[in-house]
>>> print(open('coords.txt').read())   # compact mmCIF, C-alpha atoms and all ligand atoms
# COMPACT_ATOMS: atom_id res chain seq x y z
CA MET A 1 14.69 54.82 14.87
CA ARG A 2 18.50 54.90 14.56
CA LEU A 3 19.22 51.42 13.20
CA LEU A 4 22.32 50.51 11.22
CA LYS A 5 21.28 46.92 10.72
CA ARG A 6 17.90 46.36 9.20
CA PRO A 7 17.62 42.71 8.09
CA ARG A 8 14.39 43.61 6.30
CA ARG A 9 16.42 45.47 3.64
CA ASN A 10 17.49 42.10 2.27
CA ARG A 11 13.88 40.98 2.05
CA LYS A 12 12.56 43.94 0.10
CA ASN A 13 12.22 42.23 -3.29
CA SER A 14 12.31 38.73 -4.65
CA LEU A 15 15.86 38.94 -6.00
CA SER A 16 17.22 40.07 -2.62
CA ARG A 17 15.30 37.25 -0.98
CA HIS A 18 16.75 34.80 -3.49
CA TRP A 19 20.29 36.03 -2.71
CA ARG A 20 19.55 35.70 1.01
CA ALA A 21 18.39 32.08 0.76
CA GLU A 22 21.03 29.33 1.00
CA ALA A 23 18.68 26.52 0.10
CA SER A 24 16.76 25.89 -3.09
CA ILE A 25 15.32 22.84 -4.78
CA ASP A 26 16.42 21.63 -8.17
CA PRO A 27 14.51 18.69 -9.72
CA LYS A 28 17.90 16.96 -9.89
CA ASP A 29 17.94 16.90 -6.06
CA LEU A 30 14.86 14.68 -6.00
CA VAL A 31 14.33 10.93 -6.21
CA TYR A 32 10.85 9.65 -7.02
CA PRO A 33 9.90 6.41 -5.18
CA LEU A 34 7.68 4.11 -7.26
CA PHE A 35 5.66 1.02 -6.36
CA VAL A 36 5.49 -1.79 -8.92
CA VAL A 37 3.00 -4.68 -9.22
CA GLU A 38 2.61 -7.68 -11.49
CA GLY A 39 0.35 -7.49 -14.55
CA THR A 40 -0.37 -4.99 -17.31
CA LYS A 41 -2.29 -1.71 -17.32
CA GLN A 42 -2.37 -1.74 -13.51
CA LYS A 43 -2.82 1.52 -11.63
CA GLN A 44 -3.84 0.54 -8.11
CA ALA A 45 -4.66 3.38 -5.73
CA ILE A 46 -3.03 3.41 -2.27
CA SER A 47 -5.70 4.88 0.01
CA SER A 48 -3.32 6.41 2.55
CA MET A 49 -1.16 7.96 -0.19
CA PRO A 50 -3.50 9.98 -2.43
CA GLY A 51 -1.93 10.49 -5.84
CA GLN A 52 0.45 7.49 -5.54
CA TYR A 53 -0.24 4.11 -7.13
CA ARG A 54 1.06 0.60 -7.55
CA TRP A 55 1.93 0.44 -11.24
CA SER A 56 2.51 -2.52 -13.52
CA ILE A 57 5.81 -2.39 -15.41
CA ASP A 58 4.23 -1.07 -18.65
CA GLU A 59 2.68 1.82 -16.69
CA VAL A 60 5.86 2.47 -14.72
CA LEU A 61 7.58 3.20 -18.04
CA THR A 62 5.09 6.00 -18.71
CA ILE A 63 5.71 7.44 -15.25
CA CYS A 64 9.47 7.24 -15.79
CA GLU A 65 9.03 9.28 -18.95
CA GLN A 66 7.05 11.91 -17.02
CA THR A 67 9.70 11.87 -14.29
CA LEU A 68 12.45 12.69 -16.79
CA GLN A 69 10.26 15.36 -18.41
CA LYS A 70 9.99 17.04 -14.99
CA GLY A 71 13.78 17.11 -14.75
CA VAL A 72 13.83 14.49 -12.00
CA GLN A 73 16.57 12.04 -12.96
CA ALA A 74 16.31 9.23 -10.40
CA ILE A 75 13.69 6.80 -9.17
CA ALA A 76 13.62 4.33 -6.27
CA LEU A 77 11.78 1.08 -6.94
CA PHE A 78 9.70 -0.88 -4.44
CA PRO A 79 8.04 -4.14 -5.58
CA ALA A 80 4.60 -5.03 -4.16
CA LEU A 81 4.45 -8.82 -4.27
CA GLU A 82 1.45 -11.11 -4.15
CA ASP A 83 1.06 -12.88 -0.82
CA SER A 84 1.66 -16.28 -2.44
CA LEU A 85 5.25 -15.23 -3.25
CA LYS A 86 6.06 -14.19 0.33
CA THR A 87 7.81 -16.89 2.37
CA PRO A 88 9.70 -17.12 5.70
CA ASP A 89 13.01 -17.44 3.80
CA ALA A 90 12.16 -14.57 1.41
CA TYR A 91 13.12 -16.92 -1.44
CA GLU A 92 11.69 -14.67 -4.16
CA ALA A 93 14.24 -11.96 -3.30
CA LEU A 94 16.92 -14.04 -5.06
CA ASN A 95 14.86 -15.07 -8.09
CA PRO A 96 16.57 -13.40 -11.09
CA GLY A 97 13.17 -13.22 -12.81
CA ASN A 98 11.39 -11.50 -9.91
CA LEU A 99 9.23 -8.43 -10.37
CA ASN A 100 11.92 -6.04 -9.14
CA CYS A 101 14.61 -7.33 -11.53
CA ARG A 102 12.26 -7.35 -14.51
CA ALA A 103 11.18 -3.79 -13.74
CA VAL A 104 14.78 -2.58 -13.51
CA LYS A 105 15.66 -4.25 -16.82
CA GLU A 106 12.69 -2.77 -18.66
CA ILE A 107 13.27 0.70 -17.26
CA LYS A 108 16.99 0.75 -18.04
CA LYS A 109 16.34 -0.59 -21.54
CA ARG A 110 13.92 2.27 -22.31
CA PHE A 111 15.60 5.03 -20.27
CA PRO A 112 19.32 4.28 -19.86
CA GLU A 113 19.86 7.82 -18.58
CA LEU A 114 17.41 7.45 -15.68
CA VAL A 115 19.20 6.54 -12.44
CA VAL A 116 17.52 3.51 -10.90
CA ILE A 117 17.86 2.86 -7.18
CA THR A 118 16.75 -0.51 -5.81
CA ASP A 119 15.78 -1.40 -2.27
CA VAL A 120 17.82 -4.11 -0.56
CA ALA A 121 15.81 -5.55 2.34
CA LEU A 122 13.68 -8.65 2.78
CA ASP A 123 10.33 -7.12 3.80
CA PRO A 124 8.65 -7.17 0.35
CA TYR A 125 9.48 -10.89 0.09
CA SER A 126 9.06 -12.00 3.70
CA SER A 127 5.84 -13.59 4.97
CA ASP A 128 6.86 -12.24 8.40
CA GLY A 129 6.93 -8.65 7.14
CA HIS A 130 10.41 -8.08 8.55
CA ASP A 131 13.53 -6.74 6.83
CA GLY A 132 15.48 -9.81 7.95
CA LEU A 133 14.95 -13.51 8.51
CA VAL A 134 12.98 -14.30 11.66
CA LYS A 135 13.69 -17.21 13.99
CA GLY A 136 11.95 -17.67 17.32
CA GLY A 137 10.79 -14.05 17.27
CA LYS A 138 14.34 -12.75 16.67
CA ILE A 139 15.56 -10.99 13.54
CA LEU A 140 18.72 -12.81 12.42
CA ASN A 141 21.56 -10.48 11.45
CA ASP A 142 24.37 -12.45 9.83
CA GLU A 143 22.11 -14.89 7.98
CA THR A 144 20.16 -11.95 6.57
CA VAL A 145 23.31 -10.11 5.48
CA LYS A 146 24.33 -13.11 3.33
CA ILE A 147 21.06 -12.80 1.38
CA LEU A 148 21.35 -9.01 1.10
CA ALA A 149 24.84 -9.34 -0.41
CA LYS A 150 23.41 -11.67 -3.07
CA MET A 151 20.47 -9.33 -3.68
CA ALA A 152 22.87 -6.46 -4.34
CA VAL A 153 24.61 -8.40 -7.12
CA LEU A 154 21.28 -9.53 -8.57
CA HIS A 155 20.04 -5.92 -8.69
CA ALA A 156 23.30 -4.67 -10.17
CA SER A 157 23.24 -7.36 -12.85
CA SER A 158 19.65 -6.34 -13.70
CA GLY A 159 20.95 -2.82 -14.32
CA ALA A 160 20.47 -0.95 -11.03
CA ASP A 161 22.75 2.08 -10.79
CA ILE A 162 22.51 2.30 -7.02
CA VAL A 163 21.60 -0.36 -4.45
CA ALA A 164 20.08 0.90 -1.24
CA PRO A 165 20.08 -1.31 1.87
CA SER A 166 17.10 -0.17 3.99
CA ASP A 167 17.27 -3.09 6.40
CA MET A 168 19.54 -1.79 9.23
CA MET A 169 21.39 -5.10 9.71
CA ASP A 170 24.95 -4.68 11.00
CA GLY A 171 27.71 -5.20 8.43
CA ARG A 172 25.52 -5.29 5.35
CA VAL A 173 27.30 -2.48 3.49
CA LEU A 174 30.65 -4.29 3.70
CA ALA A 175 29.14 -7.61 2.64
CA MET A 176 27.38 -5.94 -0.31
CA ARG A 177 30.51 -4.01 -1.37
CA GLU A 178 32.65 -7.15 -1.28
CA ASN A 179 30.17 -9.20 -3.26
CA LEU A 180 29.61 -6.42 -5.79
CA ASP A 181 33.36 -6.01 -6.31
CA ALA A 182 33.90 -9.78 -6.54
CA ASN A 183 31.37 -9.78 -9.37
CA HIS A 184 32.94 -6.80 -11.18
CA PHE A 185 30.29 -4.28 -10.16
CA HIS A 186 32.86 -1.77 -8.90
CA GLU A 187 30.79 1.11 -10.26
CA THR A 188 27.54 0.22 -8.54
CA GLN A 189 26.97 2.77 -5.78
CA ILE A 190 25.68 1.86 -2.34
CA LEU A 191 23.24 4.32 -0.82
CA SER A 192 23.00 3.16 2.77
CA TYR A 193 20.02 3.85 4.99
CA THR A 194 22.49 4.88 7.68
CA ALA A 195 20.15 6.32 10.29
CA LYS A 196 16.79 4.69 9.80
CA TYR A 197 14.50 5.20 12.75
CA ALA A 198 11.70 2.89 13.97
CA SER A 199 9.00 5.29 12.87
CA ALA A 200 5.22 5.54 12.81
CA PHE A 201 5.59 7.56 9.62
CA TYR A 202 6.13 4.40 7.52
CA GLY A 203 2.47 3.38 7.97
CA PRO A 204 1.19 4.29 4.48
CA PHE A 205 4.21 2.62 2.80
CA ARG A 206 3.41 -0.62 4.61
CA GLU A 207 -0.14 -0.35 3.27
CA ALA A 208 1.28 0.10 -0.23
CA LEU A 209 3.36 -3.08 0.00
CA ASP A 210 1.14 -4.88 2.52
CA SER A 211 4.40 -5.37 4.40
CA ALA A 212 3.60 -4.56 8.03
CA PRO A 213 5.33 -6.97 10.47
CA LYS A 214 3.08 -9.93 11.25
CA ALA A 215 4.43 -10.04 14.80
CA GLY A 216 6.48 -7.64 16.90
CA ASP A 217 7.98 -4.41 15.62
CA LYS A 218 11.23 -3.25 14.02
CA LYS A 219 12.79 -1.76 17.15
CA THR A 220 15.62 -4.31 17.44
CA TYR A 221 17.09 -3.13 14.16
CA GLN A 222 15.72 0.34 13.35
CA MET A 223 16.92 3.15 15.61
CA SER A 224 15.07 4.57 18.55
CA PRO A 225 13.67 8.11 17.97
CA GLY A 226 15.35 9.47 21.10
CA SER A 227 18.89 8.74 19.95
CA LYS A 228 21.10 11.00 17.91
CA ARG A 229 24.74 10.03 18.68
CA GLU A 230 23.89 6.52 17.53
CA ALA A 231 23.44 7.98 14.04
CA LEU A 232 27.11 9.01 14.12
CA LEU A 233 28.10 5.48 15.09
CA GLU A 234 26.16 4.13 12.11
CA CYS A 235 27.73 6.85 9.95
CA GLU A 236 31.26 5.76 10.95
CA ALA A 237 30.41 2.11 10.27
CA ASP A 238 28.88 2.79 6.86
CA GLU A 239 31.80 4.99 5.80
CA ALA A 240 34.31 2.38 6.90
CA GLU A 241 32.36 -0.32 5.04
CA GLY A 242 32.45 1.61 1.78
CA ALA A 243 29.06 3.32 1.52
CA ASP A 244 28.87 6.01 -1.19
CA ILE A 245 25.83 7.95 0.02
CA LEU A 246 24.36 8.13 3.53
CA MET A 247 20.64 8.41 4.20
CA VAL A 248 18.57 9.65 7.11
CA LYS A 249 14.99 8.44 7.34
CA PRO A 250 12.38 9.80 8.01
CA ALA A 251 13.34 13.38 7.15
CA LEU A 252 11.09 15.86 8.94
CA ALA A 253 11.23 14.54 12.49
CA TYR A 254 15.00 14.04 12.09
CA LEU A 255 16.28 17.29 10.56
CA ASP A 256 18.83 17.56 13.37
CA VAL A 257 20.22 14.14 12.42
CA ILE A 258 20.54 15.21 8.76
CA SER A 259 22.44 18.26 9.89
CA ASP A 260 24.73 16.19 12.14
CA LEU A 261 25.58 13.70 9.40
CA LYS A 262 26.29 16.54 7.01
CA ALA A 263 28.73 18.02 9.52
CA HIS A 264 30.45 14.70 10.22
CA SER A 265 30.72 13.13 6.78
CA GLN A 266 32.25 14.13 3.48
CA LEU A 267 29.80 11.87 1.61
CA PRO A 268 26.60 13.07 -0.06
CA ILE A 269 23.66 12.98 2.37
CA ALA A 270 20.21 11.77 1.36
CA ALA A 271 16.97 12.14 3.30
CA TYR A 272 13.75 10.18 2.83
CA ASN A 273 10.62 12.30 3.05
CA VAL A 274 8.57 9.22 3.92
CA SER A 275 5.03 8.10 3.20
CA GLY A 276 3.53 9.37 6.49
CA GLU A 277 5.05 12.81 5.92
CA TYR A 278 3.48 12.81 2.47
CA ALA A 279 0.11 11.62 3.79
CA MET A 280 -0.06 14.37 6.44
CA ILE A 281 0.22 17.13 3.86
CA LYS A 282 -2.15 15.43 1.41
CA ALA A 283 -4.79 14.91 4.11
CA ALA A 284 -4.64 18.50 5.32
CA ALA A 285 -4.71 19.81 1.73
CA GLN A 286 -7.74 17.66 0.92
CA GLN A 287 -9.55 19.29 3.84
CA GLY A 288 -8.57 22.71 2.51
CA TRP A 289 -6.49 23.34 5.65
CA LEU A 290 -3.16 23.93 3.90
CA ASP A 291 -1.95 25.41 0.63
CA GLU A 292 -0.38 22.19 -0.67
CA ALA A 293 2.05 23.66 -3.20
CA LYS A 294 3.49 26.11 -0.67
CA ALA A 295 3.58 23.60 2.18
CA VAL A 296 5.42 21.06 0.03
CA GLY A 297 7.95 23.64 -1.18
CA GLU A 298 8.58 24.78 2.38
CA LYS A 299 9.09 21.31 3.80
CA LEU A 300 11.42 20.25 0.96
CA LEU A 301 13.43 23.43 1.59
CA SER A 302 13.68 22.57 5.29
CA ILE A 303 15.18 19.17 4.40
CA LYS A 304 17.61 20.79 1.97
CA ARG A 305 18.52 23.52 4.49
CA ALA A 306 19.21 20.88 7.14
CA GLY A 307 21.91 19.51 4.83
CA ALA A 308 20.38 16.93 2.50
CA ASP A 309 21.89 16.81 -0.98
CA ILE A 310 19.31 14.29 -2.19
CA ILE A 311 15.63 14.02 -1.19
CA PHE A 312 13.50 10.94 -1.76
CA THR A 313 9.95 12.28 -2.00
CA TYR A 314 6.55 11.22 -3.31
CA HIS A 315 5.97 14.91 -4.14
CA ALA A 316 8.70 14.77 -6.80
CA LEU A 317 6.32 15.24 -9.74
CA ASP A 318 3.97 17.69 -7.97
CA ASP A 319 4.03 21.40 -8.62
CA PHE A 320 5.38 23.18 -5.56
CA THR A 321 6.51 26.71 -4.86
CA PHE A 322 8.68 28.57 -2.38
C1 LIG A 401 11.53 -1.31 4.45
C2 LIG A 401 11.24 0.08 4.01
C3 LIG A 401 10.31 0.92 4.62
C4 LIG A 401 10.31 2.10 3.91
C5 LIG A 401 11.26 1.99 2.89
N1 LIG A 401 11.84 0.72 2.97
C6 LIG A 401 9.36 0.68 5.72
C7 LIG A 401 9.78 -0.03 6.92
O1 LIG A 401 10.94 -0.01 7.33
O2 LIG A 401 8.89 -0.66 7.50
C8 LIG A 401 9.43 3.26 4.25
C9 LIG A 401 9.28 4.34 3.23
C10 LIG A 401 8.13 5.24 3.47
O3 LIG A 401 7.45 5.19 4.51
O4 LIG A 401 7.88 6.05 2.57
N2 LIG A 401 12.70 -1.88 4.05
>>> encode(input="coords.txt", output="structure tokens")
Amino acid sequence: MRLLKRPRRNRKNSLSRHWRAEASIDPKDLVYPLFVVEGTKQKQAISSMPGQYRWSIDEVLTICEQTLQKGVQAIALFPALEDSLKTPDAYEALNPGNLNCRAVKEIKKRFPELVVITDVALDPYSSDGHDGLVKGGKILNDETVKILAKMAVLHASSGADIVAPSDMMDGRVLAMRENLDANHFHETQILSYTAKYASAFYGPFREALDSAPKAGDKKTYQMSPGSKREALLECEADEAEGADILMVKPALAYLDVISDLKAHSQLPIAAYNVSGEYAMIKAAAQQGWLDEAKAVGEKLLSIKRAGADIIFTYHALDDFTF
């Protein structure tokens, strides 16, 4: 055949393929989400997330050490509270001695170089299992935002490097920024869950925290899976309110949204490869239906290629290839 262009020439050996690829994964791109529980020497399995556990603070320190050894330099903390501490007003969220704050303090004391990201939302503390206060079946926006702004300062004063509102209330980034600045936490970054969709892929996470909504669903605050332009509206709002990093969540079913935000914003873009996306691969691998290491590498690359600079993933410490 007379062919001047033969794309296969650039695939003929691994170096040419490396030059051809725009996306790659560096451990520094990854954030490892960790679940913390009360007690000591606790390693509680989460049945829908094989390989992930709820750790007590002493055990979390060991995992943080392994995380740094892997070259992964950031973790995201999620506290799993006992039922007795969950109330309608999410009171425990503002207790300076709560599990989350103690965990952050211990981690930063031992590993000052590890970047600690905390979750700002009420669901771990709410007996209703919602990210905001609930009244008469409605999720209250402005009343919730007041609490979130206080949570941000509490987390920052415990040592959090980055606070991450995952609640999807309107105006929470501005309220958090103002309260952080008023308390001299100008350097604390806000990673906003900008486009967080009402997703079935959060199921295993809600098992981990026992945080599923007691009534209703999260559709009046999390975005509807059919909408994309709405993500740009949220992006404009978060940028105007002073967000430092924008997040899309989940990642895999929303690669187009990641790519849109990357095109529209000059801020770093994060994507959350959520619990259900993790569980799907683990389940198939356990059946012997997928090569786990290759499947994980390929899906992380897809998230990177779509435009994510940062990927939250439970696979962060796994060996993967591409
Ligand atoms: C809630 C929160 C959720 C996740 C992170 N923060 C679940 C939800 O909105 O119900 C999900 C993460 C995952 O599935 O891995 N603030």
>>> residues_near_ligand(input="coords.txt", ligand="ligand LIG 401 (chain A)", cutoff="6 Å", atoms="all atoms listed in the file", output="list in words")
Ala121, Asp123, Asp131, Ser166, Asp167, Phe201, Tyr202, Phe205, Val274 and Ser275 of chain A
>>> residues_around(input="coords.txt", residues="Ala263 (chain A)", least_positions_apart="5", cutoff="10 Å", atoms="only C-alpha atoms", output="list in words")
Val257, Ile258 and Gly307 of chain A
>>> closest_residue(input="coords.txt", among="A:Asp210, A:Glu143, A:Glu65, A:Glu277", to="Lys249 (chain A)", atoms="all atoms listed in the file")
A:Glu277
>>> closest_residue(input="coords.txt", among="A:Asp291, A:Ala160, A:Met168, A:Ala175", to="Lys146 (chain A)", atoms="all atoms listed in the file")
A:Ala175
>>> residues_around(input="coords.txt", residues="Asp89 (chain A)", least_positions_apart="4", cutoff="10 Å", atoms="all atoms listed in the file", output="PyMOL selection string")
chain A and resi 93+122+125-128+132-134+144+147
>>> closest_residue(input="coords.txt", among="A:Pro96, A:Gly242, A:Gly288, A:Pro27", to="Val173 (chain A)", atoms="all atoms listed in the file")
A:Gly242
>>> residues_around(input="coords.txt", residues="Ala21 (chain A)", least_positions_apart="2", cutoff="12 Å", atoms="only C-alpha atoms", output="list of chain:residue names")
A:Asn10, A:Arg11, A:Ser14, A:Leu15, A:Ser16, A:Arg17, A:His18, A:Trp19, A:Ala23, A:Ser24, A:Ile25, A:Leu301, A:Ser302, A:Lys304, A:Arg305, A:Phe322
>>> closest_atom_pairs(input="coords.txt", of="region 266-321 of chain A", to="region 48-58 of chain A", cutoff="12 Å", atoms="only C-alpha atoms", output="CSV")
residue,atom,partner,partner_atom,distance
A:Val274,CA,A:Met49,CA,10.6
A:Ser275,CA,A:Met49,CA,7.1
A:Gly276,CA,A:Met49,CA,8.3
A:Glu277,CA,A:Met49,CA,10.0
A:Tyr278,CA,A:Met49,CA,7.2
A:Ala279,CA,A:Met49,CA,5.6
A:Met280,CA,A:Met49,CA,9.3
A:Ile281,CA,A:Met49,CA,10.1
A:Lys282,CA,A:Pro50,CA,6.8
A:Ala283,CA,A:Pro50,CA,8.3
A:Ala284,CA,A:Pro50,CA,11.6
A:Ala285,CA,A:Pro50,CA,10.7
A:Gln286,CA,A:Pro50,CA,9.4
A:Thr313,CA,A:Gln52,CA,11.2
A:Tyr314,CA,A:Gln52,CA,7.5
A:His315,CA,A:Gly51,CA,9.2
A:Ala316,CA,A:Gln52,CA,11.1
A:Leu317,CA,A:Gly51,CA,10.3
A:Asp318,CA,A:Gly51,CA,9.5
>>> closest_residue(input="coords.txt", among="A:Cys64, A:Met169, A:Leu140, A:Ala182", to="Val120 (chain A)", atoms="all atoms listed in the file")
A:Met169
>>> atom_distance(input="coords.txt", atom1="CA of Ile162 (chain A)", atom2="CA of Ala103 (chain A)")
14.5 Å
>>> residues_near_point(input="coords.txt", point="(26.2, 10.7, -1.3)", cutoff="10 Å", atoms="only C-alpha atoms", output="mmCIF file with C-alpha atoms, in the coordinates of the input")
data_model
loop_
_atom_site.group_PDB
_atom_site.id
_atom_site.type_symbol
_atom_site.label_atom_id
_atom_site.label_comp_id
_atom_site.auth_asym_id
_atom_site.auth_seq_id
_atom_site.Cartn_x
_atom_site.Cartn_y
_atom_site.Cartn_z
ATOM 1 C CA GLN A 189 26.970 2.770 -5.780
ATOM 2 C CA ILE A 190 25.680 1.860 -2.340
ATOM 3 C CA LEU A 191 23.240 4.320 -0.820
ATOM 4 C CA SER A 192 23.000 3.160 2.770
ATOM 5 C CA ALA A 243 29.060 3.320 1.520
ATOM 6 C CA ASP A 244 28.870 6.010 -1.190
ATOM 7 C CA ILE A 245 25.830 7.950 0.020
ATOM 8 C CA LEU A 246 24.360 8.130 3.530
ATOM 9 C CA MET A 247 20.640 8.410 4.200
ATOM 10 C CA SER A 265 30.720 13.130 6.780
ATOM 11 C CA GLN A 266 32.250 14.130 3.480
ATOM 12 C CA LEU A 267 29.800 11.870 1.610
ATOM 13 C CA PRO A 268 26.600 13.070 -0.060
ATOM 14 C CA ILE A 269 23.660 12.980 2.370
ATOM 15 C CA ALA A 270 20.210 11.770 1.360
ATOM 16 C CA ALA A 308 20.380 16.930 2.500
ATOM 17 C CA ASP A 309 21.890 16.810 -0.980
ATOM 18 C CA ILE A 310 19.310 14.290 -2.190
#
>>> atom_distance(input="coords.txt", atom1="CA of Leu77 (chain A)", atom2="CA of Leu34 (chain A)")
5.1 Å
>>> axis_aligned_box(input="coords.txt", around="region 82-96 of chain A", padding_each_side="8 Å", output="JSON")
{"center_x": 9.0, "center_y": -14.3, "center_z": -2.7, "size_x": 31.9, "size_y": 22.3, "size_z": 32.8}
>>> residues_around(input="coords.txt", residues="Thr118 (chain A)", least_positions_apart="6", cutoff="6 Å", atoms="all atoms listed in the file", output="VMD selection string")
chain A and resid 76 to 77 163 to 164
>>> atom_distance(input="coords.txt", atom1="CA of Ala149 (chain A)", atom2="CA of Leu180 (chain A)")
7.8 Å
>>> closest_residue(input="coords.txt", among="A:Gln73, A:Gly159, A:Glu241, A:Lys138", to="Lys109 (chain A)", atoms="all atoms listed in the file")
A:Gly159
